[in-house]
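Okay, target.cif now, which holds mmCIF, C-alpha atoms:
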```cif
data_structure
loop_
_atom_site.label_atom_id
_atom_site.label_comp_id
_atom_site.auth_asym_id
_atom_site.auth_seq_id
_atom_site.Cartn_x
_atom_site.Cartn_y
_atom_site.Cartn_z
CA MET A 1 -5.56 27.17 -2.34
CA ASN A 2 -5.02 23.84 -4.11
CA LEU A 3 -4.49 22.15 -0.74
CA VAL A 4 -7.71 23.61 0.67
CA VAL A 5 -9.73 22.55 -2.38
CA ALA A 6 -8.16 19.07 -2.40
CA GLY A 7 -9.04 18.61 1.27
CA ALA A 8 -12.60 19.86 0.71
CA ILE A 9 -13.12 17.53 -2.25
CA THR A 10 -11.91 14.56 -0.19
CA LEU A 11 -14.15 15.50 2.73
CA ILE A 12 -17.20 15.67 0.46
CA LEU A 13 -16.46 12.65 -1.72
CA THR A 14 -15.54 10.21 1.07
CA PRO A 15 -19.01 9.82 2.66
CA LEU A 16 -20.66 10.19 -0.76
CA THR A 17 -18.53 7.39 -2.23
CA ALA A 18 -19.20 5.18 0.79
CA ARG A 19 -22.95 5.70 0.42
CA ILE A 20 -22.92 4.88 -3.30
CA ILE A 21 -20.83 1.74 -2.76
CA SER A 22 -23.23 0.63 -0.02
CA ILE A 23 -25.96 0.39 -2.68
CA PHE A 24 -23.97 -2.31 -4.48
CA ARG A 25 -23.67 -4.75 -1.60
CA GLU A 26 -23.25 -7.77 -3.85
CA SER A 27 -20.12 -6.34 -5.49
CA ASN A 28 -16.52 -6.82 -4.43
CA LEU A 29 -16.49 -3.17 -3.35
CA TYR A 30 -18.53 -4.11 -0.28
CA THR A 31 -17.40 -6.51 2.41
CA ASP A 32 -19.10 -8.17 5.37
CA VAL A 33 -16.26 -7.06 7.67
CA ARG A 34 -17.48 -5.22 10.80
CA GLY A 35 -21.11 -5.90 9.86
CA GLY A 36 -20.76 -4.48 6.35
CA THR A 37 -18.19 -1.98 5.10
CA PRO A 38 -17.66 -0.17 1.77
CA ARG A 39 -14.10 -1.05 0.72
CA GLY A 40 -13.62 1.26 -2.27
CA ALA A 41 -13.89 4.58 -0.43
CA GLY A 42 -10.30 5.28 -1.48
CA LEU A 43 -11.83 6.61 -4.70
CA ALA A 44 -12.15 9.92 -2.83
CA PRO A 45 -8.45 10.50 -2.05
CA PHE A 46 -7.54 9.02 -5.44
CA THR A 47 -9.69 11.64 -7.18
CA ALA A 48 -8.22 14.53 -5.20
CA LEU A 49 -4.64 13.34 -5.67
CA THR A 50 -5.14 12.88 -9.42
CA LEU A 51 -6.60 16.36 -9.80
CA PHE A 52 -3.96 18.19 -7.77
CA THR A 53 -0.73 16.25 -8.32
CA PRO A 54 1.41 18.35 -10.69
CA ALA A 55 2.31 17.12 -14.16
CA PRO A 56 3.94 14.90 -15.26
CA PHE A 57 3.39 12.85 -12.08
CA ASN A 58 -0.42 13.00 -12.21
CA ILE A 59 -0.58 10.61 -15.19
CA PRO A 60 1.26 7.61 -13.63
CA LEU A 61 -0.63 8.19 -10.38
CA ALA A 62 -3.95 8.16 -12.25
CA ILE A 63 -3.06 5.00 -14.17
CA MET A 64 -2.02 3.19 -10.98
CA GLY A 65 -5.29 4.21 -9.34
CA VAL A 66 -7.41 2.98 -12.25
CA LEU A 67 -5.61 -0.37 -12.36
CA ALA A 68 -5.90 -0.66 -8.57
CA PHE A 69 -9.64 -0.06 -8.84
CA ILE A 70 -9.80 -2.97 -11.30
CA ASP A 71 -8.14 -5.02 -8.55
CA ASP A 72 -10.87 -3.89 -6.11
CA LEU A 73 -13.62 -4.79 -8.56
CA SER A 74 -12.22 -8.23 -9.38
CA GLY A 75 -11.51 -9.28 -5.80
CA ARG A 76 -9.64 -12.62 -5.66
CA ARG A 77 -10.98 -13.79 -9.01
CA ARG A 78 -8.62 -15.98 -11.01
CA ILE A 79 -7.91 -15.65 -14.73
CA GLY A 80 -9.57 -18.76 -16.14
CA SER A 81 -7.55 -21.82 -15.20
CA LEU A 82 -4.33 -19.87 -14.72
CA PRO A 83 -2.77 -19.69 -11.22
CA LEU A 84 -3.05 -15.90 -11.38
CA GLU A 85 -5.60 -13.43 -10.09
CA TRP A 86 -6.84 -10.41 -12.02
CA GLY A 87 -5.76 -8.24 -9.12
CA GLN A 88 -2.18 -9.52 -9.26
CA VAL A 89 -2.02 -8.78 -12.98
CA SER A 90 -3.52 -5.30 -12.66
CA ARG A 91 -1.16 -4.43 -9.81
CA GLY A 92 1.80 -5.69 -11.80
CA ALA A 93 0.67 -3.67 -14.79
CA GLY A 94 0.43 -0.60 -12.55
CA ILE A 95 3.98 -1.09 -11.28
CA ILE A 96 5.27 -1.42 -14.85
CA ALA A 97 3.29 1.62 -16.00
CA VAL A 98 4.49 3.88 -13.16
CA THR A 99 8.09 2.74 -13.65
CA ALA A 100 7.96 3.42 -17.40
CA LEU A 101 6.10 6.74 -17.25
CA THR A 102 8.31 8.21 -14.53
CA TYR A 103 11.57 7.02 -16.11
CA PRO A 104 12.12 10.16 -18.24
CA VAL A 105 11.95 12.29 -15.07
CA MET A 106 13.50 10.15 -12.33
CA GLY A 107 15.14 7.23 -14.12
CA PRO A 108 15.17 3.85 -12.34
CA SER A 109 13.95 5.55 -9.12
CA GLY A 110 10.49 5.26 -10.62
CA PHE A 111 10.53 1.55 -9.79
CA LEU A 112 10.83 2.35 -6.06
CA VAL A 113 7.96 4.82 -6.39
CA ALA A 114 5.82 2.07 -7.92
CA MET A 115 6.89 -0.50 -5.32
CA MET A 116 5.62 1.72 -2.50
CA VAL A 117 2.28 0.01 -3.18
CA GLN A 118 3.58 -3.06 -1.33
CA PRO A 119 4.03 -1.62 2.19
CA LEU A 120 0.97 0.64 1.93
CA ASN A 121 -1.13 -2.33 0.88
CA ILE A 122 -0.09 -4.19 4.04
CA ALA A 123 -0.77 -1.07 6.13
CA ASP A 124 -4.36 -0.98 4.88
CA MET A 125 -5.46 -4.05 6.83
CA GLN A 126 -6.88 -2.47 9.97
CA PRO A 127 -8.82 0.74 10.59
CA GLY A 128 -6.66 3.85 10.48
CA ALA A 129 -3.32 2.06 10.03
CA ALA A 130 -2.74 3.20 6.44
CA CYS A 131 -3.83 6.74 7.32
CA THR A 132 -1.54 6.95 10.35
CA SER A 133 1.41 5.54 8.38
CA THR A 134 0.80 7.85 5.43
CA MET A 135 0.53 10.96 7.59
CA ILE A 136 3.69 10.11 9.56
CA LEU A 137 5.64 9.52 6.35
CA SER A 138 4.29 12.66 4.67
CA LEU A 139 5.27 14.73 7.75
CA LEU A 140 8.78 13.30 7.53
CA ALA A 141 8.89 14.16 3.82
CA ILE A 142 7.80 17.73 4.63
CA MET A 143 10.64 18.02 7.14
CA VAL A 144 13.17 16.76 4.59
CA SER A 145 11.79 19.20 1.99
CA ILE A 146 12.31 22.09 4.40
CA ILE A 147 15.86 20.95 5.22
CA THR A 148 16.81 20.51 1.55
CA GLY A 149 15.02 23.66 0.40
CA SER A 150 12.66 21.68 -1.86
CA ASP A 151 9.03 22.57 -2.50
CA PRO A 152 6.96 20.77 0.17
CA TYR A 153 3.73 20.97 -1.88
CA MET A 154 3.52 17.28 -2.77
CA PRO A 155 3.88 15.85 0.77
CA LEU A 156 1.56 18.61 2.02
CA LEU A 157 -1.00 17.47 -0.55
CA VAL A 158 -0.70 13.85 0.60
CA LEU A 159 -1.04 14.90 4.24
CA THR A 160 -4.06 17.10 3.55
CA VAL A 161 -5.92 14.53 1.46
CA CYS A 162 -5.20 11.68 3.89
CA ALA A 163 -6.24 13.76 6.91
CA ALA A 164 -9.51 14.72 5.19
CA TYR A 165 -10.24 11.08 4.35
CA SER A 166 -9.20 9.61 7.71
CA PRO A 167 -12.09 10.25 10.19
CA MET A 168 -14.41 7.60 8.75
CA ASP A 169 -11.48 5.22 8.28
CA TYR A 170 -10.41 5.54 11.93
CA ALA A 171 -14.01 4.85 12.93
CA GLY A 172 -13.92 1.61 10.92
CA ARG A 173 -16.87 2.71 8.78
CA ILE A 174 -14.99 2.48 5.46
CA MET A 175 -12.00 0.76 3.85
CA MET A 176 -9.89 2.57 1.26
CA GLY A 177 -9.21 -0.52 -0.85
CA GLU A 178 -6.42 -0.84 -3.40
CA VAL A 179 -7.48 2.30 -5.27
CA GLY A 180 -6.85 4.32 -2.12
CA ASN A 181 -3.69 2.76 -0.75
CA HIS A 182 -2.06 2.40 -4.19
CA SER A 183 -2.65 6.04 -5.15
CA LEU A 184 -1.43 7.23 -1.74
CA ALA A 185 1.61 4.96 -2.12
CA VAL A 186 2.59 6.44 -5.47
CA ALA A 187 1.95 9.98 -4.18
CA LEU A 188 4.22 9.26 -1.19
CA GLY A 189 6.94 7.86 -3.45
CA ILE A 190 6.80 10.98 -5.61
CA SER A 191 6.93 13.11 -2.46
CA PHE A 192 10.05 11.32 -1.23
CA TYR A 193 11.78 11.81 -4.58
CA LEU A 194 10.89 15.49 -4.86
CA ALA A 195 12.00 16.08 -1.25
CA GLY A 196 15.59 15.01 -1.83
CA GLY A 197 16.15 12.89 -4.91
CA PRO A 198 17.00 9.20 -5.37
CA LEU A 199 18.84 8.69 -2.06
CA THR A 200 15.97 10.21 -0.08
CA LEU A 201 13.50 7.99 -1.95
CA LEU A 202 15.61 4.91 -1.24
CA SER A 203 15.94 5.86 2.44
CA PHE A 204 12.19 6.34 2.81
CA PHE A 205 11.51 3.09 0.95
CA ILE A 206 13.59 1.32 3.61
CA ILE A 207 12.07 3.31 6.49
CA SER A 208 8.41 2.97 5.42
CA PRO A 209 8.04 -0.72 6.43
CA LEU A 210 9.52 0.15 9.84
CA VAL A 211 6.87 2.83 10.37
CA ILE A 212 4.06 0.57 9.17
CA ALA A 213 5.26 -2.40 11.26
CA ALA A 214 5.33 -0.14 14.32
CA VAL A 215 1.84 1.20 13.60
CA ARG A 216 0.35 -2.26 13.09
CA GLY A 217 2.47 -3.78 15.88
CA GLU A 218 0.34 -6.06 18.04
CA LYS A 219 -2.19 -7.05 15.37
CA LEU A 220 0.54 -7.85 12.88
CA SER A 221 2.30 -10.02 15.47
CA SER A 222 -0.97 -11.86 16.16
CA PHE A 223 -1.44 -12.47 12.44
CA LEU A 224 2.03 -13.98 12.07
CA GLU A 225 1.50 -16.26 15.07
CA GLU A 226 -2.07 -17.35 14.42
CA LYS A 227 -2.16 -17.50 10.63
CA LEU A 228 1.42 -18.32 9.65
CA GLY A 229 2.58 -20.22 12.73
CA ILE A 230 5.61 -17.98 13.33
CA GLU A 231 6.09 -18.11 17.09
CA ASN A 232 7.19 -14.99 18.98
CA PRO A 233 7.64 -12.84 15.88
CA THR A 234 10.68 -10.57 15.95
CA PRO A 235 10.70 -6.97 14.70
CA GLY A 236 12.48 -8.41 11.67
CA ASP A 237 9.52 -10.70 10.99
CA LEU A 238 7.15 -7.72 11.15
CA TYR A 239 9.38 -5.74 8.81
CA MET A 240 9.59 -8.60 6.32
CA ASP A 241 5.83 -9.10 6.40
CA VAL A 242 5.26 -5.46 5.46
CA LEU A 243 7.99 -5.56 2.82
CA THR A 244 7.18 -8.93 1.25
CA GLY A 245 3.71 -10.03 2.48
CA GLY A 246 0.37 -10.05 0.72
CA GLY A 247 -0.60 -11.23 -2.74
CA LEU A 248 2.32 -9.64 -4.57
CA GLY A 249 4.88 -11.20 -2.24
CA ASP A 250 3.16 -14.58 -2.36
CA LEU A 251 3.20 -14.49 -6.16
CA ALA A 252 6.96 -13.91 -6.04
CA ARG A 253 7.32 -16.82 -3.60
CA LYS A 254 5.30 -19.06 -5.91
CA ILE A 255 7.65 -18.25 -8.78
CA ILE A 256 10.95 -18.36 -6.84
CA LEU A 257 10.38 -20.95 -4.10
CA ARG A 258 7.80 -23.10 -5.90
CA ASN A 259 6.73 -25.74 -3.32
CA ARG A 260 9.89 -25.73 -1.21
CA SER A 261 9.85 -24.96 2.52
CA PHE A 262 12.71 -23.75 4.69
CA SER A 263 13.41 -24.04 8.40
CA VAL A 264 15.28 -21.09 9.90
CA ASP A 265 17.07 -21.86 13.18
CA ASN A 266 19.90 -19.34 13.17
CA ARG A 267 19.20 -16.64 15.79
CA PHE A 268 20.72 -13.87 13.71
CA LEU A 269 18.60 -14.78 10.67
CA ILE A 270 15.52 -15.09 12.89
CA ALA A 271 16.18 -11.60 14.22
CA LEU A 272 16.42 -10.29 10.65
CA GLY A 273 13.03 -11.79 9.78
CA PHE A 274 14.09 -14.68 7.56
CA ARG A 275 11.32 -16.90 8.97
CA ARG A 276 8.77 -14.55 7.40
CA LEU A 277 10.83 -13.90 4.29
CA LEU A 278 11.10 -17.62 3.52
CA TYR A 279 7.60 -18.57 4.66
CA ASN A 280 6.05 -20.28 1.65
CA PRO A 281 2.25 -20.78 1.70
CA PHE A 282 2.60 -23.04 -1.35
CA ALA A 283 5.00 -25.53 0.26
CA GLY A 284 3.81 -29.08 -0.27
#
```
Turn this file's structure into structure tokens for me.
Amino acid sequence: MNLVVAGAITLILTPLTARIISIFRESNLYTDVRGGTPRGAGLAPFTALTLFTPAPFNIPLAIMGVLAFIDDLSGRRRIGSLPLEWGQVSRGAGIIAVTALTYPVMGPSGFLVAMMVQPLNIADMQPGAACTSTMILSLLAIMVSIITGSDPYMPLLVLTVCAAYSPMDYAGRIMMGEVGNHSLAVALGISFYLAGGPLTLLSFFIISPLVIAAVRGEKLSSFLEEKLGIENPTPGDLYMDVLTGGGLGDLARKIILRNRSFSVDNRFLIALGFRRLLYNPFAG
């Protein structure tokens, strides 16, 4: 019954949330993409997941969603004169919060649960990609749960909520935003852990970027060629983009690489995606 209610809530809230956001067209929750698109519609799946995720996992999921929504509201706004964006800080705070709050239950595995926000964030860059990736991964988690004899409720919840949200997303009429992809990411991480423990979570953390890279495929390759100048991207480049791309990955590059650039000529390293891993947008 919980699954039915969660799906119904998502079905009702998704168009309602999109309509409300459309009123505030001057906010960061609305973008000019595709002629105008509400980009905070992920509030619908976030609400359903928060309500129906069992304790104690509902609290870290809720906190991540709230902090992700702050990211959506702030957009790319910097913190005064600091080289940091509010969104980067709120996302980092969410990762720390999820890691700390899940530690009593799953130990250091909670960090991998929190870091699932990275690949799902990259998935949510074209209509339907995050939904397709999430549903594939939740189906795999359901299969593992059945094999291990674990309760499949959590991945079933993720699948139900995502499926209920997805029609408008596939049509390109809405964008889930950080609040949506971050809450789905944490819910998936919890699902992986409950399906088979730390090793299953680690395995899915490694597999997830492969699934997302395959789903985004052609468009992700075009992005690497046209925007980053990486010619003939390899599957390794796509994998590394999903695993280390976006604002969070670029912040890490700023800290670690500073303004240094690297040329990768070794074929083996190119195949593994080191051109994308070492691509530094801050190189001077």
- Item | Close residues, segment 248-259 of chain A itself excluded, 8 Å, all atoms listed in the file, min 6 positions apart in chain, as a PyMOL selection string | chain A and resi 88+118+280-284
Exercise. Excluding same-chain residues fewer than 5 positions from segment 137-143 of chain A, what lies within 8 Å of it counting only C-alpha atoms, as a PyMOL selection string?
Worked result: chain A and resi 152+155-156+158-159+188+191-192+195+208+211
Quick one: apply the PyMOL selection byres ((chain A and resi 279) around 8) to the file and drop the selected residues here as a list in words.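 Written out, the selection comes to Leu228, Ser261, Phe262, Arg275, Arg276, Leu277, Leu278, Asn280 and Pro281 of chain A.
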Legend entry - Distance criterion (all atoms listed in the file): nearest to Ser133 of chain A out of A:Ile9, A:Ala171, A:Ile20, A:Ala214: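 Distance minimum relative to Ser133 of chain A lands on A:Ala214.
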- Query: Got a sec to resolve the PyMOL selection byres ((chain A and resi 108) around 12) on this structure and send the residues as a PyMOL selection string?
  - Reply: chain A and resi 96+98-107+109-115+193+197-199+201-202
### Residue nearest Leu73 of chain A - candidates A:Asp151, A:Glu231, A:Glu26, A:Asp265, atoms counted: only C-alpha atoms
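Between A:Asp151, A:Glu231, A:Glu26, A:Asp265, the residue approaching Leu73 of chain A most closely is A:Glu26.
Take atom CA of Leu67 of chain A and atom CA of Gly87 of chain A: the distance between them is 8.5 Å.
Excluding segment 43-54 of chain A and any residue on its chain fewer than 3 positions from it, the residues at most 8 Å away by all atoms listed in the file are Asn2, Ala6, Gly7, Ile9, Thr10, Leu13, Thr14, Thr17, Gly40, Phe57, Asn58, Ile59, Leu61, Ala62, Gly65, Met154, Leu157, Val158, Val161, Cys162, Tyr165, Met176, Val179, Gly180, Ser183, Leu184 and Ala187 of chain A.
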Item to complete: Translate the PyMOL selection byres ((chain A and resi 30) around 12), as applied to the file shown, into an explicit residue set as an MDAnalysis selection string.
Response: chainID A and resid 17:29 31:41 72:75 173:177
Around (2.8, -5.6, 15.0), as given in the file, which residues come within 12 Å? Count all atoms listed in the file and list them as an MDAnalysis selection string. chainID A and resid 122:123 125:126 129 209:225 232:242
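Of the listed residues A:Thr200, A:Gly94, A:Leu272, A:Thr244, the one whose atoms come nearest to Ile147 of chain A is A:Thr200, with distances taken using all atoms listed in the file.
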